[in-house]
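S.K.: Contents of my_file34.txt (compact mmCIF, C-alpha atoms):
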```txt
# COMPACT_ATOMS: atom_id res chain seq x y z
CA MET A 1 0.00 0.00 0.00
CA LYS A 2 1.33 3.41 -0.95
CA LYS A 3 2.03 5.54 2.08
CA THR A 4 0.64 9.06 1.98
CA THR A 5 3.02 11.69 3.27
CA GLU A 6 2.40 15.24 4.38
CA THR A 7 4.25 16.58 1.34
CA ASN A 8 2.06 14.82 -1.23
CA SER A 9 -1.23 15.08 0.61
CA PRO A 10 -3.84 17.26 -1.11
CA ALA A 11 -4.17 20.86 0.01
CA GLN A 12 -7.26 21.95 1.88
CA ARG A 13 -9.96 22.60 -0.68
CA PHE A 14 -11.10 26.21 -1.03
CA PRO A 15 -14.81 26.43 -0.05
CA GLY A 16 -15.66 29.01 -2.69
CA PHE A 17 -16.25 32.74 -2.73
CA PRO A 18 -19.49 34.21 -1.35
CA SER A 19 -22.15 34.20 -4.06
CA LYS A 20 -22.79 37.90 -3.48
CA ARG A 21 -20.60 40.68 -2.12
CA ALA A 22 -22.04 41.87 1.18
CA PRO A 23 -20.90 44.05 4.10
CA GLY A 24 -18.43 42.19 6.25
CA ASN A 25 -17.19 39.67 3.65
CA PHE A 26 -14.65 41.88 1.91
CA TRP A 27 -12.14 44.63 2.61
CA CYS A 28 -10.78 47.41 0.42
CA TYR A 29 -7.70 46.43 -1.61
CA PRO A 30 -5.61 49.27 -3.10
CA ASN A 31 -5.77 49.13 -6.91
CA ILE A 32 -2.24 50.46 -7.28
CA VAL A 33 -0.82 47.16 -6.03
CA CYS A 34 -2.39 45.29 -8.96
CA MET A 35 -0.13 47.21 -11.34
CA TYR A 36 2.97 45.92 -9.55
CA TRP A 37 2.15 42.24 -9.02
CA HIS A 38 4.67 41.43 -11.76
CA ASP A 39 7.39 43.04 -9.61
CA LEU A 40 6.69 40.86 -6.58
CA SER A 41 7.77 37.32 -5.82
CA GLY A 42 5.21 34.92 -4.39
CA ALA A 43 6.56 35.39 -0.87
CA GLU A 44 6.62 39.19 -1.19
CA GLN A 45 3.03 39.17 -2.48
CA LYS A 46 1.82 37.06 0.45
CA VAL A 47 3.56 39.19 3.07
CA LEU A 48 2.43 42.46 1.49
CA ASP A 49 -1.18 41.28 1.25
CA CYS A 50 -1.06 40.19 4.89
CA LEU A 51 0.30 43.60 5.94
CA LEU A 52 -2.36 45.31 3.84
CA ARG A 53 -5.03 43.28 5.64
CA HIS A 54 -3.69 44.51 8.99
CA MET A 55 -3.40 48.13 7.85
CA TRP A 56 -5.57 49.02 4.83
CA GLY A 57 -8.17 46.51 5.93
CA PHE A 58 -8.63 48.39 9.22
CA GLY A 59 -8.46 51.91 7.78
CA ARG A 60 -4.87 52.82 8.61
CA SER A 61 -1.45 52.85 6.99
CA SER A 62 0.70 51.79 9.95
CA ASP A 63 0.51 48.98 12.48
CA ARG A 64 2.52 46.72 14.74
CA VAL A 65 2.55 43.24 13.21
CA SER A 66 4.45 40.34 14.73
CA LEU A 67 6.31 37.64 12.83
CA THR A 68 4.03 35.13 14.56
CA GLN A 69 0.98 36.84 13.05
CA LEU A 70 2.55 36.80 9.59
CA GLU A 71 3.53 33.16 10.00
CA HIS A 72 0.48 31.65 11.72
CA GLY A 73 -2.24 34.29 11.41
CA VAL A 74 -4.75 35.96 13.70
CA HIS A 75 -7.77 34.05 14.99
CA LYS A 76 -10.65 34.20 12.44
CA ILE A 77 -9.06 37.15 10.60
CA HIS A 78 -6.48 35.23 8.57
CA ARG A 79 -4.33 32.11 8.91
CA GLY A 80 -0.96 33.56 8.05
CA THR A 81 1.14 33.48 4.90
CA GLY A 82 2.16 29.82 5.05
CA LEU A 83 5.80 30.90 4.77
CA SER A 84 8.66 30.02 7.08
CA ARG A 85 9.88 32.70 9.46
CA LYS A 86 13.10 33.07 7.46
CA GLY A 87 11.06 33.47 4.27
CA ILE A 88 8.91 36.14 5.90
CA ILE A 89 11.97 38.07 7.11
CA ARG A 90 13.51 37.95 3.61
CA ALA A 91 10.24 39.15 2.06
CA LEU A 92 9.91 42.01 4.55
CA ARG A 93 13.47 43.12 3.85
CA SER A 94 12.84 42.99 0.09
CA LEU A 95 9.55 44.91 0.33
CA GLU A 96 11.34 47.62 2.27
CA GLU A 97 14.16 47.78 -0.29
CA LYS A 98 11.62 48.07 -3.14
CA GLY A 99 9.84 50.96 -1.42
CA TYR A 100 6.51 49.35 -0.46
CA ILE A 101 6.92 49.55 3.32
CA THR A 102 9.09 50.99 6.06
CA SER A 103 9.70 49.53 9.48
CA VAL A 104 10.63 50.66 12.95
CA LYS A 105 12.44 47.89 14.76
CA SER A 106 11.45 46.99 18.32
CA SER A 107 12.53 44.45 20.91
CA ARG A 108 8.95 43.11 20.86
CA THR A 109 6.89 43.80 17.75
CA ASN A 110 8.04 45.88 14.78
CA GLN A 111 5.99 48.80 13.48
CA TYR A 112 5.34 48.67 9.70
CA SER A 113 4.10 51.57 7.58
CA LEU A 114 2.95 51.74 3.98
CA VAL A 115 4.98 54.15 1.85
CA THR A 116 2.55 56.60 0.22
CA SER A 117 2.97 58.41 -3.09
CA ILE A 118 3.32 61.70 -1.19
CA HIS A 119 6.32 60.44 0.72
CA GLN A 120 7.85 58.95 -2.41
CA GLU A 121 7.56 62.33 -4.12
CA GLN A 122 9.07 64.07 -1.13
CA GLY A 123 11.93 61.60 -1.05
CA THR A 124 11.22 60.64 2.56
CA LYS A 125 11.73 57.11 3.80
CA GLY A 126 8.16 56.53 4.91
CA ASN A 127 5.03 57.76 6.53
CA LYS A 128 5.32 60.35 9.26
CA SER A 129 1.88 59.40 10.56
CA SER A 130 -0.69 56.71 10.18
CA VAL A 131 -4.18 57.10 8.75
CA LEU A 132 -6.06 57.18 12.00
CA MET A 133 -9.80 56.90 12.27
CA SER A 134 -12.15 57.03 15.22
CA PRO A 135 -14.94 54.52 15.92
CA ALA A 136 -18.50 55.52 15.22
CA THR A 137 -20.05 53.87 18.22
CA GLY A 138 -23.46 55.42 18.06
CA ASP A 139 -23.44 56.12 21.79
CA ASP A 140 -22.18 58.75 24.20
CA SER A 141 -18.96 56.92 25.02
CA THR A 142 -15.64 58.60 24.23
CA PRO A 143 -13.68 56.94 21.41
CA VAL A 144 -10.26 55.59 22.24
CA PRO A 145 -7.49 57.40 20.33
CA SER A 146 -5.14 55.35 18.21
CA VAL A 147 -1.45 54.96 18.94
CA VAL A 148 1.36 55.59 16.49
CA SER A 149 4.54 54.23 18.03
CA THR A 150 6.94 56.61 16.31
CA HIS A 151 5.22 59.63 17.84
CA THR A 152 3.86 58.20 21.08
CA THR A 153 5.25 59.26 24.45
CA ASP A 154 4.81 57.39 27.70
CA THR A 155 2.27 60.02 28.77
CA GLU A 156 0.19 59.42 25.64
CA ILE A 157 0.34 55.66 26.09
CA GLU A 158 -0.82 56.06 29.68
CA ARG A 159 -3.71 58.19 28.40
CA VAL A 160 -4.75 55.41 26.00
CA ILE A 161 -4.42 52.81 28.77
CA LYS A 162 -6.69 54.94 30.96
CA ARG A 163 -9.30 55.23 28.19
CA LEU A 164 -9.27 51.46 27.65
CA TYR A 165 -9.60 50.96 31.40
CA GLU A 166 -12.61 53.31 31.41
CA ALA A 167 -14.16 51.49 28.42
CA HIS A 168 -13.72 48.16 30.23
CA SER A 169 -15.36 49.61 33.35
CA GLN A 170 -18.23 51.08 31.35
CA PHE A 171 -19.10 48.13 29.12
CA ILE A 172 -17.85 45.04 30.96
CA LEU A 173 -18.47 46.11 34.56
CA SER A 174 -21.47 48.39 33.94
CA GLY A 175 -19.69 51.39 35.43
CA LYS A 176 -17.98 49.65 38.35
CA LYS A 177 -14.34 50.67 38.88
CA LEU A 178 -11.67 48.12 39.70
CA PRO A 179 -8.14 49.09 40.79
CA MET A 180 -5.67 49.47 37.93
CA THR A 181 -2.97 46.99 38.93
CA ARG A 182 0.59 47.05 37.64
CA LYS A 183 0.01 43.70 35.94
CA ALA A 184 -3.08 45.02 34.16
CA ARG A 185 -1.20 48.09 32.92
CA GLU A 186 1.62 45.88 31.59
CA LYS A 187 -0.83 43.56 29.85
CA ILE A 188 -2.55 46.48 28.09
CA ARG A 189 0.84 47.83 27.01
CA ASP A 190 1.69 44.41 25.58
CA ARG A 191 -1.53 44.28 23.60
CA LEU A 192 -0.89 47.80 22.25
CA ASN A 193 2.26 46.34 20.71
CA GLU A 194 0.07 43.94 18.73
CA TYR A 195 -3.25 45.74 18.20
CA ASP A 196 -4.47 49.22 17.45
CA SER A 197 -6.28 50.79 20.40
CA PHE A 198 -9.50 50.85 18.34
CA GLN A 199 -9.26 47.08 17.97
CA LEU A 200 -8.90 46.72 21.73
CA TYR A 201 -11.92 48.98 22.18
CA ILE A 202 -13.94 46.82 19.78
CA ALA A 203 -12.81 43.69 21.64
CA ILE A 204 -14.23 45.18 24.85
CA ARG A 205 -17.53 46.03 23.16
CA ASN A 206 -17.88 42.56 21.61
CA ALA A 207 -17.15 40.74 24.87
CA SER A 208 -19.61 42.94 26.74
CA GLU A 209 -22.44 42.05 24.33
CA ASN A 210 -21.77 38.32 24.03
CA GLU A 211 -24.01 36.07 26.12
CA PHE A 212 -21.27 33.51 26.72
CA TRP A 213 -18.35 35.85 27.45
CA LYS A 214 -20.18 38.62 29.32
CA PRO A 215 -20.52 36.71 32.66
CA ILE A 216 -16.95 35.43 32.36
CA THR A 217 -15.41 38.85 31.80
CA GLU A 218 -17.55 40.40 34.55
CA THR A 219 -15.97 38.12 37.15
CA SER A 220 -12.43 38.29 35.76
CA THR A 221 -9.69 40.85 36.27
CA LEU A 222 -8.60 43.55 33.85
CA ALA A 223 -5.25 41.77 33.48
CA TRP A 224 -7.09 38.58 32.50
CA PHE A 225 -9.01 40.38 29.76
CA PHE A 226 -5.82 41.67 28.13
CA ASP A 227 -3.75 38.60 28.98
CA SER A 228 -2.95 37.38 25.47
CA GLU A 229 -3.02 38.21 21.78
CA GLU A 230 -5.17 35.13 21.18
CA ARG A 231 -7.82 36.25 23.66
CA ILE A 232 -8.16 39.67 22.05
CA SER A 233 -8.37 38.17 18.55
CA ARG A 234 -11.13 35.86 19.82
CA PHE A 235 -13.10 38.83 21.14
CA LEU A 236 -12.57 40.72 17.87
CA ALA A 237 -14.01 37.79 15.94
CA LEU A 238 -17.16 37.61 18.07
CA GLY A 239 -19.08 40.53 16.59
CA PRO A 240 -21.42 42.33 16.39
CA HIS A 241 -18.86 45.14 16.17
CA SER A 242 -15.80 45.00 13.92
CA PRO A 243 -13.12 47.60 13.17
CA GLU A 244 -14.06 47.59 9.48
CA ARG A 245 -17.71 48.41 10.15
CA THR A 246 -17.31 50.86 13.01
CA LEU A 247 -14.41 52.99 11.82
CA SER A 248 -15.58 56.32 10.39
CA LYS A 249 -13.78 58.65 7.98
CA GLU A 250 -13.08 61.17 10.71
CA LYS A 251 -9.36 61.27 11.60
CA SER A 252 -8.30 61.22 15.23
CA ASP A 253 -5.11 62.57 16.81
CA VAL A 254 -3.50 60.62 19.60
CA SER A 255 -3.51 63.71 21.79
CA ALA A 256 -7.28 64.15 21.55
CA SER A 257 -8.83 64.63 24.95
```
Written as structure tokens, that's how I'd like the structure from this file.
M.R.:
Amino acid sequence: MKKTTETNSPAQRFPGFPSKRAPGNFWCYPNIVCMYWHDLSGAEQKVLDCLLRHMWGFGRSSDRVSLTQLEHGVHKIHRGTGLSRKGIIRALRSLEEKGYITSVKSSRTNQYSLVTSIHQEQGTKGNKSSVLMSPATGDDSTPVPSVVSTHTTDTEIERVIKRLYEAHSQFILSGKKLPMTRKAREKIRDRLNEYDSFQLYIAIRNASENEFWKPITETSTLAWFFDSEERISRFLALGPHSPERTLSKEKSDVSAS
């Protein structure tokens, strides 16, 4: 009997595209990229598309994206590029050399930015700021400002942490205030290295409106809520809110009060 190995086993069959385009089953892809597919290798194309999903797909042009996310994906958002870590690093380096992206190295998670035509014309190396948008929540709550790492001071990060703490108190705990522990503050900082603050805000809203997770989060600590990247991605995937549907065209500055 012929032994089937992993290398010759059939790939997972694609289930098919939705029969009709509807809100929530697509994201905006920049047409300009289509004109340069011929210039990209397969690995470069995969990594660039994945970065575009993280940035353009959520209405911004800069984001912190980890190698783990590019390799293995984000829960229910995408399943990664399928490339090895070395292949991803080579593709990122090549995309930067070709002028598609810039990066700011970090000991934790690098910040990547899309190079716009304006910056190419000006001869600058990359974006000075991200396209930042504020959530249209439809209620009286105060939107959480986004964070751009290259222009974010410790004071501004603390301001964002405070706003996320207040959103957690408002939606998860129905206005009850819990002490902000050192561990909780560190966990929120860690998640801000992986997610935009709007995404964290949406995660809070989704968890607060989910019948299964609501009672769990109500009896758990703030540090527990922000404990891992996987937990936040799970909350993001819950709905009914999503960054794509709730981001408006109004730009927000990180220093907004």
S.K.: Residues within 10 Å of Cys50 of chain A, please, as a list in words. Count all atoms listed in the file; anything in the same chain fewer than 2 positions from it doesn't count.
M.R.: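 The residues satisfying every condition are Glu44, Gln45, Lys46, Val47, Leu48, Leu52, Arg53, His54, Met55, Trp56, Gly57, Val65, Gln69, Leu70, Glu71, Gly73, His78, Arg79, Gly80 and Thr81 of chain A.
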S.K.: Suppose we keep C-alpha atoms; can you now write the selection as a compact mmCIF listing (two decimals), keeping the file's coordinate frame?
M.R.:
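out29.txt, written as the output of this step:
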```
# COMPACT_ATOMS: atom_id res chain seq x y z
CA GLU A 44 6.62 39.19 -1.19
CA GLN A 45 3.03 39.17 -2.48
CA LYS A 46 1.82 37.06 0.45
CA VAL A 47 3.56 39.19 3.07
CA LEU A 48 2.43 42.46 1.49
CA LEU A 52 -2.36 45.31 3.84
CA ARG A 53 -5.03 43.28 5.64
CA HIS A 54 -3.69 44.51 8.99
CA MET A 55 -3.40 48.13 7.85
CA TRP A 56 -5.57 49.02 4.83
CA GLY A 57 -8.17 46.51 5.93
CA VAL A 65 2.55 43.24 13.21
CA GLN A 69 0.98 36.84 13.05
CA LEU A 70 2.55 36.80 9.59
CA GLU A 71 3.53 33.16 10.00
CA GLY A 73 -2.24 34.29 11.41
CA HIS A 78 -6.48 35.23 8.57
CA ARG A 79 -4.33 32.11 8.91
CA GLY A 80 -0.96 33.56 8.05
CA THR A 81 1.14 33.48 4.90
```
S.K.: So how many Å separate atom CA of Arg90 of chain A and atom CA of Val33 of chain A, to one decimal?
M.R.: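 So the answer is 19.6 Å.
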S.K.: Which of these residues is nearest to Asp63 of chain A, using all atoms listed in the file: A:Tyr165, A:Trp213, A:Tyr195, A:Trp37?
M.R.: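 Checking each of A:Tyr165, A:Trp213, A:Tyr195, A:Trp37 against Asp63 of chain A, counting all atoms listed in the file, the winner is A:Tyr195.
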S.K.: In file coordinates, which residues lie within 7 Å of (-1.5, 42.2, 32.8) using all atoms listed in the file, given as a PyMOL selection string?
M.R.: chain A and resi 183-188+223-224+226-227
S.K.: Determine the nearest neighbour of Phe225 of chain A from the options A:Ala203, A:Ile161, A:Met35, A:Ile101, counting all atoms listed in the file.
M.R.: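 Using all atoms listed in the file, the shortest distance to Phe225 of chain A belongs to A:Ala203.
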S.K.: Counting all atoms listed in the file, select every polymer residue within 12 Å of (6.6, 49.0, 2.5) as defined in the file's coordinates, and provide the selection as a ChimeraX atom specification.
M.R.: /A:33,44-45,47-52,55,61-63,91-104,111-117,119-120,125-127
S.K.: Report, in Å to a single decimal, how far apart atom CA of Phe26 of chain A and atom CA of Ile204 of chain A are.
M.R.: 23.2 Å
S.K.: How about completing segment 47-80 of chain A with N, CA and C atoms and giving it to me as a PDB file, in the coordinates of the input?
M.R.:
```
ATOM      1  N   VAL A  47       3.259  38.353   1.907  1.00  0.00           N
ATOM      2  CA  VAL A  47       3.560  39.190   3.070  1.00  0.00           C
ATOM      3  C   VAL A  47       2.932  40.569   2.910  1.00  0.00           C
ATOM      4  N   LEU A  48       3.027  41.144   1.707  1.00  0.00           N
ATOM      5  CA  LEU A  48       2.430  42.460   1.490  1.00  0.00           C
ATOM      6  C   LEU A  48       0.921  42.412   1.652  1.00  0.00           C
ATOM      7  N   ASP A  49       0.274  41.399   1.100  1.00  0.00           N
ATOM      8  CA  ASP A  49      -1.180  41.280   1.250  1.00  0.00           C
ATOM      9  C   ASP A  49      -1.570  41.128   2.720  1.00  0.00           C
ATOM     10  N   CYS A  50      -0.776  40.378   3.468  1.00  0.00           N
ATOM     11  CA  CYS A  50      -1.060  40.190   4.890  1.00  0.00           C
ATOM     12  C   CYS A  50      -0.916  41.524   5.637  1.00  0.00           C
ATOM     13  N   LEU A  51       0.128  42.289   5.313  1.00  0.00           N
ATOM     14  CA  LEU A  51       0.300  43.600   5.940  1.00  0.00           C
ATOM     15  C   LEU A  51      -0.833  44.539   5.551  1.00  0.00           C
ATOM     16  N   LEU A  52      -1.249  44.476   4.288  1.00  0.00           N
ATOM     17  CA  LEU A  52      -2.360  45.310   3.840  1.00  0.00           C
ATOM     18  C   LEU A  52      -3.645  44.961   4.601  1.00  0.00           C
ATOM     19  N   ARG A  53      -3.843  43.691   4.873  1.00  0.00           N
ATOM     20  CA  ARG A  53      -5.030  43.280   5.640  1.00  0.00           C
ATOM     21  C   ARG A  53      -5.012  43.907   7.022  1.00  0.00           C
ATOM     22  N   HIS A  54      -3.831  43.927   7.652  1.00  0.00           N
ATOM     23  CA  HIS A  54      -3.690  44.510   8.990  1.00  0.00           C
ATOM     24  C   HIS A  54      -3.849  46.026   8.960  1.00  0.00           C
ATOM     25  N   MET A  55      -3.403  46.662   7.898  1.00  0.00           N
ATOM     26  CA  MET A  55      -3.400  48.130   7.850  1.00  0.00           C
ATOM     27  C   MET A  55      -4.581  48.662   7.028  1.00  0.00           C
ATOM     28  N   TRP A  56      -4.518  48.511   5.711  1.00  0.00           N
ATOM     29  CA  TRP A  56      -5.570  49.020   4.830  1.00  0.00           C
ATOM     30  C   TRP A  56      -6.930  48.429   5.194  1.00  0.00           C
ATOM     31  N   GLY A  57      -6.923  47.174   5.581  1.00  0.00           N
ATOM     32  CA  GLY A  57      -8.170  46.510   5.930  1.00  0.00           C
ATOM     33  C   GLY A  57      -8.831  47.054   7.173  1.00  0.00           C
ATOM     34  N   PHE A  58      -8.081  47.783   8.012  1.00  0.00           N
ATOM     35  CA  PHE A  58      -8.630  48.390   9.220  1.00  0.00           C
ATOM     36  C   PHE A  58      -8.559  49.914   9.169  1.00  0.00           C
ATOM     37  N   GLY A  59      -8.393  50.467   7.959  1.00  0.00           N
ATOM     38  CA  GLY A  59      -8.460  51.910   7.780  1.00  0.00           C
ATOM     39  C   GLY A  59      -7.254  52.683   8.267  1.00  0.00           C
ATOM     40  N   ARG A  60      -6.067  52.092   8.202  1.00  0.00           N
ATOM     41  CA  ARG A  60      -4.870  52.820   8.610  1.00  0.00           C
ATOM     42  C   ARG A  60      -3.692  52.412   7.734  1.00  0.00           C
ATOM     43  N   SER A  61      -2.603  53.146   7.825  1.00  0.00           N
ATOM     44  CA  SER A  61      -1.450  52.850   6.990  1.00  0.00           C
ATOM     45  C   SER A  61      -0.225  52.460   7.802  1.00  0.00           C
ATOM     46  N   SER A  62      -0.403  52.202   9.092  1.00  0.00           N
ATOM     47  CA  SER A  62       0.700  51.790   9.950  1.00  0.00           C
ATOM     48  C   SER A  62       0.168  50.894  11.048  1.00  0.00           C
ATOM     49  N   ASP A  63       0.958  49.884  11.424  1.00  0.00           N
ATOM     50  CA  ASP A  63       0.510  48.980  12.480  1.00  0.00           C
ATOM     51  C   ASP A  63       1.689  48.158  12.983  1.00  0.00           C
ATOM     52  N   ARG A  64       1.567  47.677  14.217  1.00  0.00           N
ATOM     53  CA  ARG A  64       2.520  46.720  14.740  1.00  0.00           C
ATOM     54  C   ARG A  64       2.052  45.315  14.351  1.00  0.00           C
ATOM     55  N   VAL A  65       2.898  44.589  13.661  1.00  0.00           N
ATOM     56  CA  VAL A  65       2.550  43.240  13.210  1.00  0.00           C
ATOM     57  C   VAL A  65       3.711  42.319  13.577  1.00  0.00           C
ATOM     58  N   SER A  66       3.405  41.250  14.280  1.00  0.00           N
ATOM     59  CA  SER A  66       4.450  40.340  14.730  1.00  0.00           C
ATOM     60  C   SER A  66       4.754  39.293  13.657  1.00  0.00           C
ATOM     61  N   LEU A  67       5.945  38.723  13.732  1.00  0.00           N
ATOM     62  CA  LEU A  67       6.310  37.640  12.830  1.00  0.00           C
ATOM     63  C   LEU A  67       5.393  36.431  13.026  1.00  0.00           C
ATOM     64  N   THR A  68       4.956  36.226  14.269  1.00  0.00           N
ATOM     65  CA  THR A  68       4.030  35.130  14.560  1.00  0.00           C
ATOM     66  C   THR A  68       2.714  35.322  13.816  1.00  0.00           C
ATOM     67  N   GLN A  69       2.222  36.568  13.783  1.00  0.00           N
ATOM     68  CA  GLN A  69       0.980  36.840  13.050  1.00  0.00           C
ATOM     69  C   GLN A  69       1.154  36.599  11.564  1.00  0.00           C
ATOM     70  N   LEU A  70       2.297  37.010  11.012  1.00  0.00           N
ATOM     71  CA  LEU A  70       2.550  36.800   9.590  1.00  0.00           C
ATOM     72  C   LEU A  70       2.735  35.321   9.268  1.00  0.00           C
ATOM     73  N   GLU A  71       3.258  34.581  10.219  1.00  0.00           N
ATOM     74  CA  GLU A  71       3.530  33.160  10.000  1.00  0.00           C
ATOM     75  C   GLU A  71       2.292  32.299  10.230  1.00  0.00           C
ATOM     76  N   HIS A  72       1.582  32.540  11.335  1.00  0.00           N
ATOM     77  CA  HIS A  72       0.480  31.650  11.720  1.00  0.00           C
ATOM     78  C   HIS A  72      -0.908  32.306  11.676  1.00  0.00           C
ATOM     79  N   GLY A  73      -0.956  33.623  11.548  1.00  0.00           N
ATOM     80  CA  GLY A  73      -2.240  34.290  11.410  1.00  0.00           C
ATOM     81  C   GLY A  73      -2.805  34.847  12.701  1.00  0.00           C
ATOM     82  N   VAL A  74      -4.005  35.398  12.582  1.00  0.00           N
ATOM     83  CA  VAL A  74      -4.750  35.960  13.700  1.00  0.00           C
ATOM     84  C   VAL A  74      -6.117  35.307  13.704  1.00  0.00           C
ATOM     85  N   HIS A  75      -6.554  34.861  14.857  1.00  0.00           N
ATOM     86  CA  HIS A  75      -7.770  34.050  14.990  1.00  0.00           C
ATOM     87  C   HIS A  75      -8.951  34.630  14.214  1.00  0.00           C
ATOM     88  N   LYS A  76      -9.467  33.883  13.241  1.00  0.00           N
ATOM     89  CA  LYS A  76     -10.650  34.200  12.440  1.00  0.00           C
ATOM     90  C   LYS A  76     -10.494  35.442  11.561  1.00  0.00           C
ATOM     91  N   ILE A  77      -9.293  36.035  11.508  1.00  0.00           N
ATOM     92  CA  ILE A  77      -9.060  37.150  10.600  1.00  0.00           C
ATOM     93  C   ILE A  77      -8.268  36.661   9.394  1.00  0.00           C
ATOM     94  N   HIS A  78      -7.193  35.923   9.635  1.00  0.00           N
ATOM     95  CA  HIS A  78      -6.480  35.230   8.570  1.00  0.00           C
ATOM     96  C   HIS A  78      -5.617  34.131   9.208  1.00  0.00           C
ATOM     97  N   ARG A  79      -5.094  33.247   8.397  1.00  0.00           N
ATOM     98  CA  ARG A  79      -4.330  32.110   8.910  1.00  0.00           C
ATOM     99  C   ARG A  79      -2.847  32.185   8.563  1.00  0.00           C
ATOM    100  N   GLY A  80      -2.374  33.379   8.308  1.00  0.00           N
ATOM    101  CA  GLY A  80      -0.960  33.560   8.050  1.00  0.00           C
ATOM    102  C   GLY A  80      -0.601  33.362   6.590  1.00  0.00           C
TER     103      GLY A  80
END
```
